[in-house]
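Single-structure report; data block below.
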Amino acid sequence: MEILKIEHLKKRFGDKEVLKGVEMTVPEHSVFGFIGRNGAGKTTTMKTVLGLLKPDEGDIYVAGEKVIYGQTATNRHIGYLPDVPEFYPFMTATEYLNFCGEITGVNKSESRKRSEELLELVGLAGEKHRIQGFSRGMKQRLGIAQALLNRPKLLICDEPTSALDPVGRKEILDILQAVKEQTTVLFSTHILSDVERICSDIAFLNDGVIVEQGTLAEIQGKNRTEEYLLETTREEEAKNLLQVFPNIQELQKNQLSIRGSEETLFKVLKYVADNKIPIHKVEHLEPTLESLFLEVVKG
Amino acid sequence: MRSLIAFMKKEWMEQVRTGRIVILGIIFVFLGIMNPAVAKLTPWLMELVSESMAEMGMTLTAVQVDAMDSWTQFYKNIPIGLIAFVLMQSGLFTKEYQSGTLVLTLTKGLERYKVVLAKTAVLLGLWSVYYWMCYAITYCYNDIYWENSIASHLGFAAMCWWLVGILVIAFMVLFSALMDSNTAVLTCTGGAFLAVYLLSLLPKVKEYTPAMLMSSSALLIGGVEVAIYYKAIMIAIVMSIASVALSIPVMNKRKV
Ligand SMILES: Nc1ncnc2c1ncn2[C@@H]1O[C@H](COP(=O)(O)OP(=O)(O)O)[C@@H](O)[C@H]1O
Ligand SMILES: [Mg+2]
């Protein structure tokens with residue numbers, strides 16, 4: 001079952017077409033990484049899902065229900081953490097969560113209990129200060145708490161870790177990891193190590209369309225050429241190999257990158273053995289999202 | 001209904017914790033006291049002036065003041081109170097758009113019309129309390145020093161000016177739904193009110209325009225029928241309701 005389905009979403013601002021037909025499906029119970037460069041249109045996509053922006057074309061379904069711009073019905077399935085969450089600064093964290101509970105219509109005692117539980121989860125229990133004195137990290141954590149208040153089927157977080165230091169980032173990732181039992185998590189980011197750490201599924205948004213989508217394992221394995229590092233002892237032999245094999249590239253003076261299948265590697269190694277070329281090391285390079293991302297973005 | 005009340009409670013908390021409720025309270029209490037105080041002090045001031053005038057060879061006859069002078073002051077001062085109120089509350093919507101606080105509230109499923117209704121209710125409630133408090137203070141002092149009975153239609157005349165405030169607030173709500181900054185809200189609200197005022201300068205339409213209500217103090221000296229204000233009152237009520245009603249679809253369509 002999919003919790004979110006985006007069909008052929010188009011959106012332009014003035015004469016700039018930001019989304020050019022986004023197709024995306026978020027399976028239930030996934031931690032879904034929505035990846036794209038700054039300005040790719042991640043926030044735009046998310047706001048359209050929330051009915052805060054009007055799409056030029058396309059349909060969006062949340063838990064099978066169609067999203068209608070300006071209306072809030074589908075938002076009852078969603079918990080949302082905006083990129084820069086802003087809360088009423090004159091309230092305390094507890095007051096804010098209780099306020100959210102009341103406008104969502106959860107009954108009072110249930111909502112109080114849930115607030116305490118969530119403040120505990122995000123590490124803000126016992127915080128008596130008003131929100132106006134909160135740090136970025138505290139606001140992000142309160143943001144996740146408010147988003148989870150009504151036990152949403154889908155938690156949407158817009159770049160929850162981008163503005164935080166490594167400690168703050170880890171805190172947020174741990175929280176997202178912890179809640180994946182209860183809800184589907186969709187979060188946007190341009191930090192690929194975050195994605196590798198917690199995501200089960202990913203989609204790449206580039207140039208207004210989704211260029212890759214699938215489970216993390218699928219994408220890491222898919223249409224990838226293997227990459228090996230071969231380090232010769234001397235520079236001249238590296239130069240020699242470069243001339244003999246077209247699919248070898250120079251990384252550093254005597255370090256070469258071999259791209260292709262294992263067969264390609266074996267051919268090179270046979271040549272090395274036949275010619276008794278002294279080598280320093282051979283290494284299989286682990287595929288990273290980073291390199292895949294760069295490949296995809298390059299086109 | 002519960003969500004509407006919750007949002008109103010939040011508005012109330014904001015008024016209290018940002019200190020706006022106290023500042024405006026002080027302003028209106030001050031205005032309420034100033035009305036009789038100015039009237040009370042006038043003879044004394046005149047005396048001071050007349051002494052120096054006498055030295056120059058001019059004489060002033062002693063002035064008699066009564067409740068009427070205090071009420072005249074009331075109608076001079078209440079526009080100041082209304083302007084202070086509008087200035088301090090003009091950001092009630094726009095601050096939420098600009099800071100983004102409304103985004104979370106709306107994505108929680110609160111219907112937008114409830115935002116409009118809650119804010120309007122708080123504005124109208126506060127204006128009413130401040131206005132009638134100012135009126136009550138002036139009334140009590142007048143009763144202590146003089147006689148309120150020399151002024152006719154006191155309550156009706158005051159109600160007319162209260163309605164002027166309601167209309168201005170309704171304009172402010174409509175422009176708050178339309179505009180992004182509180183400068184724009186203030187400019188448009190002022191502009192709309194000016195337009196109503198300019199219309200009232202045309203003799204044929206004067207009695208239909210709410211601006212007519214601003215001259216309700218004419219009732220106090222007697223000899224004027226309250227009935228001449230009925231049309232303006234009706235129009236003011238209709239315009240107020242229409243402004244608030246119109247701001248709901250506008251709000252539903254706006255980007256937050
Ligand atoms: N309200 C707007 N008006 C005009 N351009 C906008 C608006 N919102 C976003 N954009 C543009 O759309 C593009 C995508 O923005 P955004 O969705 O915020 O990207 P991301 O969240 O992926 O960084 C950017 O180039 C941005 O300048
Ligand atoms: Mg963004």
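Each chain in the structure tokens gets a letter, A, B and so on, in the order shown; residues start at 1 in every chain, and ligands are counted from 1 in the order they appear.
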Check which residues of chain A sit at most 10 Å from ligand 1 using only C-alpha atoms and all ligand atoms, and return one row each with the closest pair of atoms and their distance in Å to one decimal, ordered by chain and rising number, as CSV.
residue,atom,partner,partner_atom_place_in_ligand_line,distance
A:Lys11,CA,ligand 1,12 (O),8.9
A:Arg12,CA,ligand 1,12 (O),7.8
A:Phe13,CA,ligand 1,4 (C),4.8
A:Gly14,CA,ligand 1,4 (C),6.8
A:Asp15,CA,ligand 1,4 (C),9.4
A:Lys16,CA,ligand 1,5 (N),7.6
A:Glu17,CA,ligand 1,12 (O),8.0
A:Val18,CA,ligand 1,12 (O),5.4
A:Leu19,CA,ligand 1,14 (C),8.2
A:Phe34,CA,ligand 1,22 (O),9.4
A:Ile35,CA,ligand 1,22 (O),8.3
A:Gly36,CA,ligand 1,22 (O),6.0
A:Arg37,CA,ligand 1,22 (O),6.0
A:Asn38,CA,ligand 1,23 (O),3.8
A:Gly39,CA,ligand 1,19 (O),3.4
A:Ala40,CA,ligand 1,22 (O),3.9
A:Gly41,CA,ligand 1,17 (O),3.1
A:Lys42,CA,ligand 1,22 (O),3.6
A:Thr43,CA,ligand 1,21 (O),3.6
A:Thr44,CA,ligand 1,17 (O),3.7
A:Thr45,CA,ligand 1,17 (O),6.4
A:Met46,CA,ligand 1,17 (O),8.0
A:Lys47,CA,ligand 1,17 (O),8.4
A:Thr48,CA,ligand 1,17 (O),9.9
A:Leu53,CA,ligand 1,1 (N),8.9
A:Asp83,CA,ligand 1,21 (O),8.2
A:Asp158,CA,ligand 1,21 (O),7.6
A:Glu159,CA,ligand 1,21 (O),8.0
A:Ser188,CA,ligand 1,21 (O),8.0
A:Thr189,CA,ligand 1,22 (O),8.3
A:His190,CA,ligand 1,22 (O),8.5
A:Leu205,CA,ligand 1,22 (O),8.3
A:Asn206,CA,ligand 1,22 (O),9.2
A:Asp207,CA,ligand 1,14 (C),10.0
A:Gly208,CA,ligand 1,14 (C),8.9
Dump as a ChimeraX atom specification the residues of chain A that approach chain B to within 10 Å, counting only C-alpha atoms. /A:47,50-54,69-82,84-91,95-96,98-107,143,146-147,149-150
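We find CA of Cys134 (chain B) and CA of Ala227 (chain B) to be spaced 25.5 Å apart.
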Tell me, as a list of chain:residue names, which residues lie within 12 Å of region 235-241 of chain A, counting only C-alpha atoms; anything in the same chain fewer than 4 positions away does not count.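 Near neighbours after the sequence-gap exclusion: A:Leu229, A:Leu230, A:Glu231, A:Phe245, A:Pro246, A:Asn247, A:Ile248, A:Gln249, A:Glu250, A:Leu251, A:Gln252, A:Lys253, A:Asn254, A:Gln255, A:Leu256, A:Ser257, A:Ile258, A:Lys267, A:Val268, A:Leu269, A:Lys270, A:Tyr271, A:Val272, A:Asn275, A:Lys276, A:Ile277, A:Pro278, A:Ile279, A:His280.
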Close residues, Leu178 (chain B) itself excluded, 12 Å, only C-alpha atoms, min 5 positions apart in chain, as a ChimeraX atom specification: /B:93-94,97,116,171-173,184-186,188-189,243-244,246-256
